[in-house]
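Only one structure is covered here, and it is reproduced in the block below.
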2 protein chains.
Amino acid sequence: MPRPVMKKLRQQQLIDATLVSVERHGLQHTTINTISGFAGMSSGIISHYFGGKQGLIEATLRYLIDELKQALLIRTSGKTLSPAVRLSMIVEANFTELQRSEAVAKTWLSFWAQAMHDPGLARFQHINNQRLYSNLLFSFKQLLPATDAMNAAKQSAAMIDGFWLRSALSSTPEEDFKQAQILSKAFIKALIAQHGEN
Amino acid sequence: MPRPVMKKLRQQQLIDATLVSVERHGLQHTTINTISGFAGMSSGIISHYFGGKQGLIEATLRYLIDELKQALLIRTSGKTLSPAVRLSMIVEANFTELQRSEAVAKTWLSFWAQAMHDPGLARFQHINNQRLYSNLLFSFKQLLPATDAMNAAKQSAAMIDGFWLRSALSSTPEEDFKQAQILSKAFIKALIAQHGEN
DNA sequence: TATTGTTGATTGAACGTTCAATTAACAGCT
DNA sequence: AGCTGTTAATTGAACGTTCAATCAACAATA
């Protein structure tokens with residue numbers, strides 16, 4: 001069992017177990033015992049690989065943010081997309097299978113709440129929020145005047161996050177996530193079409 | 001001090017103290033001792049008036065939801081407003097001084113996160129989310145065809161919640177809340193104007 | 001005095017961290 | 001190949017802390 005470089009593997013297993021635990025028990029009732037239990041390991045391993053519970057929590061958030069980043073990169077990097085299509089890709093990246101999953105939805109929400117009191121987590125959240133805005137702004141700028149582009153990016157970012165939040169809290173998340181994606185794209189499409197009319 | 005009045009007074013003092021404690025320490029680090037400390041009372045009083053910590057937490061959420069409800073009622077009840085003006089009132093009610101305060105913002109976020117695992121809180125959240133949608137839908141229906149009205153209400157609700165969330169998490173909440181209100185109203189105005197053109 | 005309102009020390013459970021002990025893989029040596 | 005020393009990987013019991021709840025005692029009012 002030991003020898004090979006288990007570090008990367010074990011760390012990912014513990015991050016996965018953290019997501020499962022948060023899904024089942026919520027972040028509040030997630031303990032090193034629930035996590036290590038889902039991972040099939042002992043509690044001590046968490047401190048060994050992450051320096052403590054807090055370290056694992058932060059690593060899990062970093063993982064989620066990175067997955068979100070990758071979701072967009074996969075859809076755009078290398079390709080030459082029109083601004084309108086790229087905006088669609090941004091919407092889709094924010095509503096991937098992973099992002100819709102209960103485990104991830106609950107984890108994001110818990111982290112948002114905790115980020116307001118934890119400067120370490122707050123930094124990550126801020127970067128993540130800014131990225132959505134920047135990504136949107138980049139494409140809108142190619143379609144609208146600068147000021148309009150900024151407002152469009154702000155409104156779109158808010159609508160995407162708001163739809164995501166309301167869908168996650170909904171009693172029918174599946175359906176709501178699907179509609180959220182359609183209505184987000186429709187809004188962006190309308191913004192672009194509107195400009196041509198003036 | 002008169003007896004019957006004491007109950008209501010003490011309960012509100014404890015709810016206020018809960019909001020202060022959540023602002024300072026976060027819900028996670030809010031204990032019956034931090035709350036009773038801010039209220040200038042002893043810890044035992046919480047169990048006496050709310051049956052326990054959880055009872056006080058739920059009462060605090062009920063208070064916030066009720067304040068939100070009242071904010072709209074004050075702006076609309078008795079008056080005869082055009083649908084467009086009433087939509088503006090709905091936006092304003094969601095960005096009142098109270099809702100923008102750090103204490104309330106942090107509390108809402110914490111509750112949202114906890115509501116995903118606590119059926120009792122989830123019920124309140126669901127009612128609250130539904131209310132914003134219903135309020136918007138009511139006015140949109142007087143301006144747009146039924147299907148368009150539903151989509152408009154969903155998009156507006158998402159944008160309002162999204163702006164609120166991003167503003168609360170922002171490093172410059174003051175400024176962002178102000179812009180959020182302006183851009184939310186602008187979106188609704190555009191929705192209405194758009195319809196006339198077709 | 002009786003009733004209501006309030007205190008705060010105490011209790012016991014839950015939790016994160018630590019660390020000595022154990023296990024398993026590998027390298028070097030014969 | 002077989003043995004041995006070494007190190008990485010992992011365990012889990014023990015410890016100290018935190019916290020919600022309890023309740024016996026005290027205070028204020030009627």
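By order in the structure tokens, chains are A, B, ...; within a chain, residues start at 1; ligands start at 1, following the order shown.
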Task: Expected answer as a list in words: chain C residues within 8 Å of chain A, only C-alpha atoms (C1' of nucleotides) - done: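 That gives the following set of residues: DC15, DG16, DT17, DA24, DA25 and DC26 of chain C.
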- [ ] Within 12 Å of DT11 in chain C, counting only C-alpha atoms (C1' of nucleotides), which residues show up once you throw out same-chain ones fewer than 5 positions away? Write them as a PyMOL selection string, please.
- [x] chain D and resi 19-23
Resulting file, chosen residues, all heavy atoms, as a short mmCIF file (atom, residue, chain, number, x, y, z; two decimals), in the first residue's frame:
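This went into result03.cif:
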```cif
data_model
loop_
_atom_site.label_atom_id
_atom_site.label_comp_id
_atom_site.auth_asym_id
_atom_site.auth_seq_id
_atom_site.Cartn_x
_atom_site.Cartn_y
_atom_site.Cartn_z
P DC D 19 -17.25 27.71 20.76
OP1 DC D 19 -17.31 28.17 19.36
OP2 DC D 19 -16.90 28.65 21.84
"O5'" DC D 19 -18.63 27.01 21.11
"C5'" DC D 19 -18.99 25.82 20.41
"C4'" DC D 19 -20.10 25.10 21.14
"O4'" DC D 19 -19.56 24.38 22.27
"C3'" DC D 19 -21.18 26.04 21.70
"O3'" DC D 19 -22.41 25.73 21.08
"C2'" DC D 19 -21.21 25.74 23.20
"C1'" DC D 19 -20.55 24.37 23.28
N1 DC D 19 -19.86 24.11 24.58
C2 DC D 19 -20.06 22.88 25.22
O2 DC D 19 -20.79 22.04 24.68
N3 DC D 19 -19.43 22.65 26.40
C4 DC D 19 -18.66 23.59 26.93
N4 DC D 19 -18.07 23.33 28.09
C5 DC D 19 -18.45 24.86 26.29
C6 DC D 19 -19.06 25.07 25.13
P DA D 20 -23.62 26.79 21.07
OP1 DA D 20 -23.82 27.22 19.68
OP2 DA D 20 -23.40 27.78 22.14
"O5'" DA D 20 -24.82 25.84 21.48
"C5'" DA D 20 -24.90 24.55 20.88
"C4'" DA D 20 -25.74 23.63 21.75
"O4'" DA D 20 -24.98 23.27 22.94
"C3'" DA D 20 -27.04 24.24 22.24
"O3'" DA D 20 -28.06 23.25 22.15
"C2'" DA D 20 -26.75 24.64 23.68
"C1'" DA D 20 -25.69 23.62 24.10
N9 DA D 20 -24.70 24.14 25.06
C8 DA D 20 -24.06 25.36 25.02
N7 DA D 20 -23.20 25.54 25.99
C5 DA D 20 -23.28 24.36 26.72
C6 DA D 20 -22.60 23.92 27.89
N6 DA D 20 -21.69 24.65 28.54
N1 DA D 20 -22.90 22.69 28.35
C2 DA D 20 -23.81 21.96 27.69
N3 DA D 20 -24.51 22.26 26.59
C4 DA D 20 -24.19 23.49 26.15
P DA D 21 -29.56 23.61 22.57
OP1 DA D 21 -30.44 22.86 21.67
OP2 DA D 21 -29.68 25.08 22.71
"O5'" DA D 21 -29.64 22.96 24.03
"C5'" DA D 21 -29.21 21.62 24.19
"C4'" DA D 21 -29.25 21.25 25.66
"O4'" DA D 21 -28.13 21.87 26.34
"C3'" DA D 21 -30.51 21.70 26.41
"O3'" DA D 21 -31.07 20.57 27.07
"C2'" DA D 21 -30.03 22.76 27.39
"C1'" DA D 21 -28.56 22.40 27.58
N9 DA D 21 -27.68 23.54 27.87
C8 DA D 21 -27.59 24.72 27.19
N7 DA D 21 -26.69 25.55 27.67
C5 DA D 21 -26.14 24.86 28.74
C6 DA D 21 -25.13 25.19 29.67
N6 DA D 21 -24.47 26.34 29.66
N1 DA D 21 -24.83 24.26 30.61
C2 DA D 21 -25.49 23.10 30.61
N3 DA D 21 -26.46 22.69 29.80
C4 DA D 21 -26.74 23.62 28.88
P DT D 22 -32.45 20.71 27.86
OP1 DT D 22 -33.18 19.45 27.59
OP2 DT D 22 -33.05 22.03 27.59
"O5'" DT D 22 -31.96 20.70 29.37
"C5'" DT D 22 -30.91 19.80 29.76
"C4'" DT D 22 -30.46 20.11 31.18
"O4'" DT D 22 -29.57 21.25 31.18
"C3'" DT D 22 -31.59 20.45 32.16
"O3'" DT D 22 -31.48 19.59 33.28
"C2'" DT D 22 -31.34 21.92 32.52
"C1'" DT D 22 -29.85 22.06 32.30
N1 DT D 22 -29.33 23.41 31.98
C2 DT D 22 -28.31 23.94 32.74
O2 DT D 22 -27.80 23.34 33.68
N3 DT D 22 -27.90 25.19 32.35
C4 DT D 22 -28.40 25.96 31.31
O4 DT D 22 -27.94 27.07 31.05
C5 DT D 22 -29.47 25.35 30.56
C7 DT D 22 -30.07 26.08 29.41
C6 DT D 22 -29.88 24.12 30.92
P DC D 23 -32.76 19.32 34.17
OP1 DC D 23 -32.74 17.89 34.50
OP2 DC D 23 -33.94 19.94 33.53
"O5'" DC D 23 -32.42 20.16 35.49
"C5'" DC D 23 -31.08 20.13 35.99
"C4'" DC D 23 -30.89 21.24 37.01
"O4'" DC D 23 -30.47 22.45 36.35
"C3'" DC D 23 -32.17 21.62 37.78
"O3'" DC D 23 -31.84 21.91 39.13
"C2'" DC D 23 -32.65 22.88 37.07
"C1'" DC D 23 -31.31 23.52 36.76
N1 DC D 23 -31.33 24.53 35.67
C2 DC D 23 -30.34 25.52 35.62
O2 DC D 23 -29.46 25.52 36.49
N3 DC D 23 -30.38 26.43 34.63
C4 DC D 23 -31.34 26.40 33.72
N4 DC D 23 -31.32 27.32 32.76
C5 DC D 23 -32.37 25.39 33.74
C6 DC D 23 -32.32 24.50 34.73
#
```
Task: Residues near range 169-175 of chain B, cut-off 8 Å, only C-alpha atoms (C1' of nucleotides), skip fewer than 2 positions along chain, as number ranges by chain - done: A: 112, 116, 122, 125-126; B: 100, 165-167, 177-179
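Here is the contact set of chain B against chain A, at 6 Å and counting only C-alpha atoms: Leu109, Ser110, Ala113, Ala158, Met159, Asp161, Gly162 and Phe163 of chain B.
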TODO: Kindly provide, as a VMD selection string, the residues of chain D having any atom no farther than 10 Å from an atom of chain A, counting only C-alpha atoms (C1' of nucleotides).
DONE: chain D and resid 7 to 12
Store the residues picked out above in a file with all heavy atoms, as a compact mmCIF listing (two decimals), in the first residue's frame.
```
# COMPACT_ATOMS: atom_id res chain seq x y z
P DT D 7 15.96 6.68 6.60
OP1 DT D 7 16.97 7.67 6.15
OP2 DT D 7 15.63 6.54 8.03
O5' DT D 7 14.62 6.93 5.78
C5' DT D 7 14.51 6.46 4.43
C4' DT D 7 13.05 6.34 4.06
O4' DT D 7 12.52 5.06 4.54
C3' DT D 7 12.14 7.41 4.66
O3' DT D 7 11.31 7.93 3.63
C2' DT D 7 11.33 6.67 5.70
C1' DT D 7 11.23 5.30 5.05
N1 DT D 7 10.87 4.19 5.96
C2 DT D 7 9.96 3.24 5.54
O2 DT D 7 9.45 3.25 4.45
N3 DT D 7 9.69 2.25 6.45
C4 DT D 7 10.22 2.13 7.73
O4 DT D 7 9.89 1.21 8.45
C5 DT D 7 11.15 3.15 8.11
C7 DT D 7 11.78 3.12 9.47
C6 DT D 7 11.43 4.13 7.22
P DA D 8 10.58 9.32 3.77
OP1 DA D 8 11.29 10.31 2.94
OP2 DA D 8 10.34 9.58 5.20
O5' DA D 8 9.17 9.01 3.07
C5' DA D 8 9.16 8.27 1.85
C4' DA D 8 7.86 7.49 1.76
O4' DA D 8 7.85 6.47 2.79
C3' DA D 8 6.60 8.34 1.98
O3' DA D 8 5.64 7.95 1.02
C2' DA D 8 6.18 7.99 3.40
C1' DA D 8 6.65 6.54 3.53
N9 DA D 8 6.97 6.13 4.89
C8 DA D 8 7.81 6.74 5.77
N7 DA D 8 7.92 6.13 6.93
C5 DA D 8 7.09 5.03 6.79
C6 DA D 8 6.77 3.97 7.66
N6 DA D 8 7.27 3.84 8.90
N1 DA D 8 5.91 3.04 7.21
C2 DA D 8 5.41 3.16 5.98
N3 DA D 8 5.65 4.11 5.06
C4 DA D 8 6.50 5.02 5.54
P DA D 9 4.20 8.68 0.98
OP1 DA D 9 3.71 8.62 -0.41
OP2 DA D 9 4.31 9.97 1.69
O5' DA D 9 3.32 7.67 1.86
C5' DA D 9 3.17 6.33 1.44
C4' DA D 9 2.16 5.63 2.34
O4' DA D 9 2.77 5.36 3.62
C3' DA D 9 0.90 6.46 2.63
O3' DA D 9 -0.23 5.64 2.37
C2' DA D 9 1.03 6.84 4.10
C1' DA D 9 1.87 5.70 4.65
N9 DA D 9 2.69 6.02 5.83
C8 DA D 9 3.49 7.12 6.01
N7 DA D 9 4.13 7.13 7.15
C5 DA D 9 3.70 5.96 7.77
C6 DA D 9 4.02 5.39 9.02
N6 DA D 9 4.86 5.94 9.90
N1 DA D 9 3.43 4.21 9.33
C2 DA D 9 2.59 3.65 8.45
N3 DA D 9 2.22 4.10 7.24
C4 DA D 9 2.83 5.26 6.97
P DT D 10 -1.70 6.25 2.50
OP1 DT D 10 -2.59 5.47 1.61
OP2 DT D 10 -1.64 7.73 2.41
O5' DT D 10 -2.07 5.84 3.99
C5' DT D 10 -1.99 4.46 4.36
C4' DT D 10 -2.24 4.29 5.84
O4' DT D 10 -1.12 4.79 6.60
C3' DT D 10 -3.47 5.02 6.39
O3' DT D 10 -4.47 4.04 6.64
C2' DT D 10 -2.98 5.72 7.65
C1' DT D 10 -1.62 5.08 7.89
N1 DT D 10 -0.60 5.95 8.56
C2 DT D 10 -0.10 5.54 9.79
O2 DT D 10 -0.46 4.52 10.34
N3 DT D 10 0.83 6.39 10.34
C4 DT D 10 1.31 7.57 9.79
O4 DT D 10 2.14 8.24 10.38
C5 DT D 10 0.74 7.94 8.51
C7 DT D 10 1.19 9.20 7.83
C6 DT D 10 -0.18 7.12 7.96
P DT D 11 -5.89 4.52 7.22
OP1 DT D 11 -6.92 3.63 6.64
OP2 DT D 11 -6.05 5.97 7.15
O5' DT D 11 -5.70 4.10 8.74
C5' DT D 11 -5.13 2.83 9.05
C4' DT D 11 -4.82 2.75 10.54
O4' DT D 11 -3.74 3.66 10.85
C3' DT D 11 -5.99 3.15 11.45
O3' DT D 11 -6.37 2.02 12.21
C2' DT D 11 -5.44 4.29 12.32
C1' DT D 11 -3.94 4.17 12.15
N1 DT D 11 -3.17 5.44 12.22
C2 DT D 11 -2.29 5.64 13.27
O2 DT D 11 -2.12 4.82 14.16
N3 DT D 11 -1.62 6.85 13.23
C4 DT D 11 -1.75 7.84 12.27
O4 DT D 11 -1.10 8.87 12.35
C5 DT D 11 -2.68 7.57 11.21
C7 DT D 11 -2.89 8.58 10.14
C6 DT D 11 -3.35 6.40 11.23
P DG D 12 -7.92 1.90 12.63
OP1 DG D 12 -8.20 0.47 12.75
OP2 DG D 12 -8.76 2.76 11.77
O5' DG D 12 -7.88 2.55 14.09
C5' DG D 12 -6.92 2.07 15.04
C4' DG D 12 -6.83 3.01 16.22
O4' DG D 12 -6.01 4.15 15.84
C3' DG D 12 -8.16 3.63 16.67
O3' DG D 12 -8.13 3.78 18.07
C2' DG D 12 -8.16 4.99 16.00
C1' DG D 12 -6.71 5.34 16.20
N9 DG D 12 -6.22 6.43 15.38
C8 DG D 12 -6.75 6.90 14.20
N7 DG D 12 -6.07 7.90 13.69
C5 DG D 12 -5.04 8.11 14.59
C6 DG D 12 -3.99 9.05 14.59
O6 DG D 12 -3.75 9.93 13.75
N1 DG D 12 -3.15 8.90 15.69
C2 DG D 12 -3.31 7.96 16.68
N2 DG D 12 -2.42 7.97 17.67
N3 DG D 12 -4.29 7.07 16.71
C4 DG D 12 -5.11 7.20 15.63
```
Excluding same-chain residues fewer than 5 positions from Tyr63 in chain A, what lies within 9 Å of it counting only C-alpha atoms (C1' of nucleotides), as a tab-separated table (two decimals) with N, CA and C atoms, in the first residue's frame?
```tsv
chain	number	residue	atom	x	y	z
A	15	ILE	N	-10.79	14.87	-0.99
A	15	ILE	CA	-11.62	15.98	-1.51
A	15	ILE	C	-12.97	15.43	-1.97
A	58	GLU	N	-10.38	24.13	2.38
A	58	GLU	CA	-9.89	25.10	1.40
A	58	GLU	C	-9.46	24.41	0.11
A	68	LEU	N	-14.51	24.69	-12.46
A	68	LEU	CA	-15.31	25.70	-13.16
A	68	LEU	C	-14.48	26.37	-14.25
```
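Each of B:Val20, B:Ser36, B:Ile188, B:Tyr49 was compared to Lys8 in chain B using only C-alpha atoms, and B:Tyr49 turns out to be the nearest.
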Task: Straight-line distance linking CA of Ser101 in chain B with CA of Leu137 in chain B, stated in Å to one decimal - done: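 CA of Leu137 in chain B lies at a distance of 27.3 Å from CA of Ser101 in chain B.
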Open item on the list: Could you pull out the helix (DSSP H, G or I) residues of chain B, going by DSSP on the backbone, and write them as JSON, numbers by chain?
Closed with: {"B": [3, 4, 5, 6, 7, 8, 9, 10, 11, 12, 13, 14, 15, 16, 17, 18, 19, 20, 21, 22, 23, 24, 25, 32, 33, 34, 35, 36, 37, 38, 39, 44, 45, 46, 47, 48, 49, 50, 53, 54, 55, 56, 57, 58, 59, 60, 61, 62, 63, 64, 65, 66, 67, 68, 69, 70, 71, 72, 73, 74, 75, 76, 83, 84, 85, 86, 87, 88, 89, 90, 91, 92, 93, 97, 98, 99, 100, 102, 103, 104, 105, 106, 107, 108, 109, 110, 111, 112, 113, 114, 115, 119, 120, 121, 122, 123, 124, 125, 126, 127, 128, 129, 130, 131, 132, 133, 134, 135, 136, 137, 138, 139, 140, 146, 147, 148, 149, 150, 151, 152, 153, 154, 155, 156, 157, 158, 159, 160, 161, 162, 163, 164, 165, 166, 167, 168, 169, 173, 174, 175, 176, 177, 178, 179, 180, 181, 182, 183, 184, 185, 186, 187, 188, 189, 190, 191, 192, 193, 194, 195, 196, 197]}
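Excluding range 88-92 of chain B and any residue on its chain fewer than 6 positions from it, the residues at most 9 Å away by only C-alpha atoms (C1' of nucleotides) are Ala71, Leu72, Arg75, Thr76, Leu132, Asn135, Leu136, Ile160, Gln181, Ser184, Lys185 and Ile188 of chain B.
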